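Participant: Below you will find the structure I want to go over with you.
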Amino acid sequence: MREGPDIARIATLVGDPARANMLTALMGGASLTASELALEAGVGLPTASSHLAKLCEGGLLSQSSQGRHRYFRLAGPQVAAMLEAIMGVAEGVGPKRARPGPRDASMREARVCYDHLAGDRAVSMLDGFVRRAILQRNGEDIAMGSAGPKFFADAGIDLSNLPGKRRPVCRACLDWSVRRSHLAGALGAAILDRILADKWARRDPESRAVRFTPPGRQAFEKTFLQ
């Protein structure tokens with residue numbers, strides 16, 4: 001056995017179809033019960049409980065209790081980024097599954113990736129930030145650019161309040177549908193919070209899609225794309 005991270009153990013956890021469906025269901029950042037995840041995975045509750053125990057033991061999920069219910073969520077943004085990257089590889093080289101048409105188009109335009117915006121709009125936003133020196137990018141490393149502090153202050157995002165101690169302020173996250181990076185990290189989460197708080201868009205209750213209203217789309221483009 002070679003020294004270094006045990007890739008095979010993580011691959012085994014993610015590679016089971018039922019567990020993969022559970023992990024995908026949690027990509028929206030919400031916490032779900034074992035019963036809800038059993039439905040997502042298409043398995044019975046005892047089987048789901050066994051899968052969830054393995055995912056928690058493997059460090060991919062965390063759990064909390066509220067009353068009689070146990071809630072499960074992704075262990076953190078690093079796990080979400082790994083899953084998004086795997087989705088990108090699967091989209092490029094894996095077998096194709098039947099697509100539901102309009103819903104798939106919505107997911108490609110804008111969706112939640114754990115706690116930040118993903119999809120075409122998010123990739124375009126990061127490209128614009130780099131082009132206008134709002135952010136600087138060196139490979140997959142992203143940092144605040146010279147125009148960044150004033151831009152985000154004008155956009156109503158207080159950079160001093162971002163929780164940058166436990167997670168990076170800016171991070172590239174490979175977008176599975178575009179196969180290029182969108183903005184993650186504390187700043188990416190703050191931007192999504194702003195979009196939802198101002199009601200420019202709403203989350204689809206049945207998927208990870210983020211649906212912009214016509215005025216909200218204009219406000220988003222004026223604030224973050226122009």
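Chain labels A, B, ... are given in the sequence in which chains occur in the structure tokens; within each chain residues are numbered consecutively from 1, and ligands are likewise numbered from 1 in the order shown.
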Leaving out Gly88 in chain A and any residue of its chain fewer than 2 positions from it, which residues lie within 9 Å of it when counting only C-alpha atoms, given as an MDAnalysis selection string?
Facilitator: chainID A and resid 83:86 90:93 174:179
Participant: Where does range 40-78 of chain A meet range 2-23 of chain A within 12 Å, residue by residue, with the nearest atom pair and distance in Å to one decimal for each, counting only C-alpha atoms, listed by chain and rising number, as a Markdown table?
Facilitator:
```
| residue | atom | partner | partner_atom | distance |
| --- | --- | --- | --- | --- |
| A:Glu40 | CA | A:Met22 | CA | 6.2 |
| A:Ala41 | CA | A:Ala18 | CA | 4.7 |
| A:Gly42 | CA | A:Ala18 | CA | 7.1 |
| A:Val43 | CA | A:Ala18 | CA | 7.3 |
| A:Gly44 | CA | A:Ala18 | CA | 10.6 |
| A:Leu45 | CA | A:Ala18 | CA | 11.9 |
| A:Thr47 | CA | A:Ala18 | CA | 9.3 |
| A:Ala48 | CA | A:Ala18 | CA | 8.1 |
| A:Ser49 | CA | A:Arg19 | CA | 10.6 |
| A:Ser50 | CA | A:Arg19 | CA | 10.0 |
| A:His51 | CA | A:Arg19 | CA | 6.3 |
| A:Leu52 | CA | A:Arg19 | CA | 7.7 |
| A:Ala53 | CA | A:Arg19 | CA | 10.7 |
| A:Lys54 | CA | A:Leu13 | CA | 7.5 |
| A:Leu55 | CA | A:Leu13 | CA | 6.6 |
| A:Cys56 | CA | A:Leu13 | CA | 10.1 |
| A:Glu57 | CA | A:Leu13 | CA | 10.1 |
| A:Gly58 | CA | A:Ile10 | CA | 7.3 |
| A:Gly59 | CA | A:Ile10 | CA | 9.1 |
| A:Leu60 | CA | A:Ile10 | CA | 8.5 |
| A:Leu61 | CA | A:Leu23 | CA | 8.4 |
| A:Ser62 | CA | A:Leu23 | CA | 11.6 |
| A:Phe72 | CA | A:Met22 | CA | 9.8 |
| A:Arg73 | CA | A:Leu23 | CA | 8.5 |
| A:Leu74 | CA | A:Leu23 | CA | 7.3 |
| A:Ala75 | CA | A:Leu23 | CA | 10.4 |
| A:Gly76 | CA | A:Leu23 | CA | 11.9 |
```
Participant: Can those selected residues be exported to a file as an mmCIF file, in the first residue's frame so that it contains N, CA and C atoms?
Facilitator:
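The file below, again_30.cif, is the result:
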```cif
data_model
loop_
_atom_site.group_PDB
_atom_site.id
_atom_site.type_symbol
_atom_site.label_atom_id
_atom_site.label_comp_id
_atom_site.auth_asym_id
_atom_site.auth_seq_id
_atom_site.Cartn_x
_atom_site.Cartn_y
_atom_site.Cartn_z
ATOM 1 N N GLU A 40 -34.578 9.176 -1.586
ATOM 2 C CA GLU A 40 -33.674 9.660 -2.635
ATOM 3 C C GLU A 40 -32.844 8.519 -3.211
ATOM 4 N N ALA A 41 -32.458 7.583 -2.359
ATOM 5 C CA ALA A 41 -31.596 6.484 -2.794
ATOM 6 C C ALA A 41 -32.378 5.317 -3.377
ATOM 7 N N GLY A 42 -33.690 5.278 -3.134
ATOM 8 C CA GLY A 42 -34.494 4.163 -3.621
ATOM 9 C C GLY A 42 -34.250 2.876 -2.867
ATOM 10 N N VAL A 43 -33.970 2.990 -1.554
ATOM 11 C CA VAL A 43 -33.723 1.801 -0.731
ATOM 12 C C VAL A 43 -34.586 1.882 0.514
ATOM 13 N N GLY A 44 -34.678 0.761 1.237
ATOM 14 C CA GLY A 44 -35.417 0.737 2.488
ATOM 15 C C GLY A 44 -34.666 1.459 3.590
ATOM 16 N N LEU A 45 -35.383 1.767 4.664
ATOM 17 C CA LEU A 45 -34.779 2.520 5.763
ATOM 18 C C LEU A 45 -33.616 1.780 6.426
ATOM 19 N N THR A 47 -31.494 -0.306 5.108
ATOM 20 C CA THR A 47 -30.351 -0.217 4.189
ATOM 21 C C THR A 47 -29.797 1.199 4.171
ATOM 22 N N ALA A 48 -30.694 2.175 4.168
ATOM 23 C CA ALA A 48 -30.251 3.567 4.181
ATOM 24 C C ALA A 48 -29.454 3.872 5.443
ATOM 25 N N SER A 49 -29.915 3.378 6.573
ATOM 26 C CA SER A 49 -29.214 3.619 7.843
ATOM 27 C C SER A 49 -27.808 3.042 7.808
ATOM 28 N N SER A 50 -27.659 1.880 7.177
ATOM 29 C CA SER A 50 -26.329 1.274 7.051
ATOM 30 C C SER A 50 -25.431 2.137 6.170
ATOM 31 N N HIS A 51 -25.955 2.613 5.054
ATOM 32 C CA HIS A 51 -25.175 3.480 4.165
ATOM 33 C C HIS A 51 -24.778 4.777 4.874
ATOM 34 N N LEU A 52 -25.705 5.356 5.618
ATOM 35 C CA LEU A 52 -25.431 6.625 6.300
ATOM 36 C C LEU A 52 -24.371 6.454 7.379
ATOM 37 N N ALA A 53 -24.403 5.328 8.059
ATOM 38 C CA ALA A 53 -23.377 5.068 9.073
ATOM 39 C C ALA A 53 -21.996 5.011 8.434
ATOM 40 N N LYS A 54 -21.891 4.381 7.272
ATOM 41 C CA LYS A 54 -20.612 4.298 6.577
ATOM 42 C C LYS A 54 -20.138 5.670 6.118
ATOM 43 N N LEU A 55 -21.067 6.488 5.620
ATOM 44 C CA LEU A 55 -20.696 7.823 5.135
ATOM 45 C C LEU A 55 -20.255 8.722 6.290
ATOM 46 N N CYS A 56 -20.900 8.579 7.435
ATOM 47 C CA CYS A 56 -20.490 9.362 8.612
ATOM 48 C C CYS A 56 -19.135 8.884 9.121
ATOM 49 N N GLU A 57 -18.966 7.573 9.193
ATOM 50 C CA GLU A 57 -17.689 7.017 9.655
ATOM 51 C C GLU A 57 -16.558 7.415 8.711
ATOM 52 N N GLY A 58 -16.869 7.525 7.422
ATOM 53 C CA GLY A 58 -15.860 7.899 6.441
ATOM 54 C C GLY A 58 -15.586 9.389 6.370
ATOM 55 N N GLY A 59 -16.310 10.180 7.133
ATOM 56 C CA GLY A 59 -16.059 11.614 7.181
ATOM 57 C C GLY A 59 -16.724 12.431 6.092
ATOM 58 N N LEU A 60 -17.623 11.817 5.309
ATOM 59 C CA LEU A 60 -18.284 12.555 4.235
ATOM 60 C C LEU A 60 -19.570 13.221 4.699
ATOM 61 N N LEU A 61 -20.177 12.696 5.759
ATOM 62 C CA LEU A 61 -21.399 13.273 6.309
ATOM 63 C C LEU A 61 -21.222 13.585 7.784
ATOM 64 N N SER A 62 -21.997 14.541 8.263
ATOM 65 C CA SER A 62 -22.121 14.778 9.694
ATOM 66 C C SER A 62 -23.595 14.663 10.045
ATOM 67 N N PHE A 72 -28.927 14.552 8.566
ATOM 68 C CA PHE A 72 -27.621 14.328 7.948
ATOM 69 C C PHE A 72 -27.348 15.439 6.939
ATOM 70 N N ARG A 73 -26.083 15.855 6.846
ATOM 71 C CA ARG A 73 -25.662 16.851 5.869
ATOM 72 C C ARG A 73 -24.226 16.557 5.463
ATOM 73 N N LEU A 74 -23.792 17.145 4.361
ATOM 74 C CA LEU A 74 -22.405 16.994 3.947
ATOM 75 C C LEU A 74 -21.491 17.531 5.039
ATOM 76 N N ALA A 75 -20.346 16.898 5.201
ATOM 77 C CA ALA A 75 -19.437 17.274 6.282
ATOM 78 C C ALA A 75 -18.834 18.654 6.080
ATOM 79 N N GLY A 76 -18.874 19.200 4.874
ATOM 80 C CA GLY A 76 -18.338 20.541 4.656
ATOM 81 C C GLY A 76 -18.186 20.848 3.190
#
```
Participant: Restricting the calculation to only C-alpha atoms, which member of A:Val123, A:Ile157, A:Leu225, A:Ala80 is positioned closest to Arg194 in chain A?
Facilitator: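 Nearest to Arg194 in chain A: A:Ile157.
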Participant: What gap, in Å, lies between CA of Leu126 in chain A and CA of Pro205 in chain A?
Facilitator: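 Interatomic distance, CA of Leu126 in chain A to CA of Pro205 in chain A: 26.0 Å.
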Participant: Per residue of range 91-162 of chain A within 10 Å of range 212-220 of chain A, what are the shortest atom pair and its distance in Å to one decimal, counting only C-alpha atoms, with rows by chain and residue number, as a tab-separated table?
Facilitator:
```
residue	atom	partner	partner_atom	distance
A:Ser106	CA	A:Phe212	CA	9.8
A:Glu109	CA	A:Phe212	CA	9.8
A:Ala110	CA	A:Phe212	CA	8.5
A:Arg121	CA	A:Phe220	CA	9.4
A:Met125	CA	A:Phe220	CA	9.6
```
Participant: Go through range 44-186 of chain A and collect every residue that DSSP, computed from the backbone, puts in helix (DSSP H, G or I); the answer should be as JSON, numbers by chain.
Facilitator: {"A": [45, 46, 47, 48, 49, 50, 51, 52, 53, 54, 55, 56, 57, 77, 78, 79, 80, 81, 82, 83, 84, 85, 86, 87, 88, 89, 90, 91, 92, 93, 102, 103, 104, 105, 106, 107, 108, 109, 120, 121, 122, 123, 124, 125, 126, 127, 128, 129, 130, 131, 148, 149, 150, 151, 152, 153, 154, 159, 160, 161, 185, 186]}
Participant: When distances are computed from only C-alpha atoms, which of A:Gln226, A:Thr33, A:Ser207, A:Gln66 shows the smallest separation from Phe129 in chain A?
Facilitator: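 Closest candidate: A:Gln226.
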Participant: Identify which of the residues A:Gly188, A:Gly148, A:Arg70, A:Thr24 lies closest to Met82 in chain A, counting only C-alpha atoms when measuring atom-to-atom distances.
Facilitator: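 Closest to Met82 in chain A, using only C-alpha atoms: A:Thr24.
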Participant: What is the distance, in Å and to one decimal place, between CA of Asp120 in chain A and CA of Met107 in chain A?
Facilitator: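 About the pair CA of Asp120 in chain A and CA of Met107 in chain A: they are 9.1 Å apart.
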Participant: Quick check, in Å to one decimal: how far apart do CA of Val130 in chain A and CA of Asp104 in chain A lie?
Facilitator: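 That distance, rounded to one decimal, is 27.8 Å.
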Participant: For the structure I just gave you, how does DSSP split range 40-158 of chain A - specifically, which residues are strand (DSSP E or B)? Reply as a PyMOL selection string.
Facilitator: chain A and resi 61-66+69-74+111-113+116-118+135-138+141-144
Participant: For Ala190 in chain A, which residue out of A:Ala147, A:Val89, A:Ile134, A:Leu117 is the nearest one, using only C-alpha atoms?
Facilitator: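 Closest residue, counting only C-alpha atoms: A:Leu117.
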Participant: Find the residues near Leu192 in chain A: any atom within 8 Å, counting only C-alpha atoms, skip ones fewer than 3 places away on the same chain, and give them as a list of chain:residue names.
Facilitator: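 Selected residues are A:Asp115, A:His116, A:Leu117, A:Gly188, A:Ala189, A:Ile195, A:Leu196.
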Participant: Pick out the residues sitting within 10 Å of Ala143 in chain A, and hand them over as a list in words; count only C-alpha atoms, and ignore anything fewer than 5 positions along from it in its own chain.
Facilitator: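 The contact residues come out as Val130, Ile134, Leu135, Gln136, Arg137, Asn138, Gly148, Pro168, Val169, Cys170 and Arg171 of chain A.
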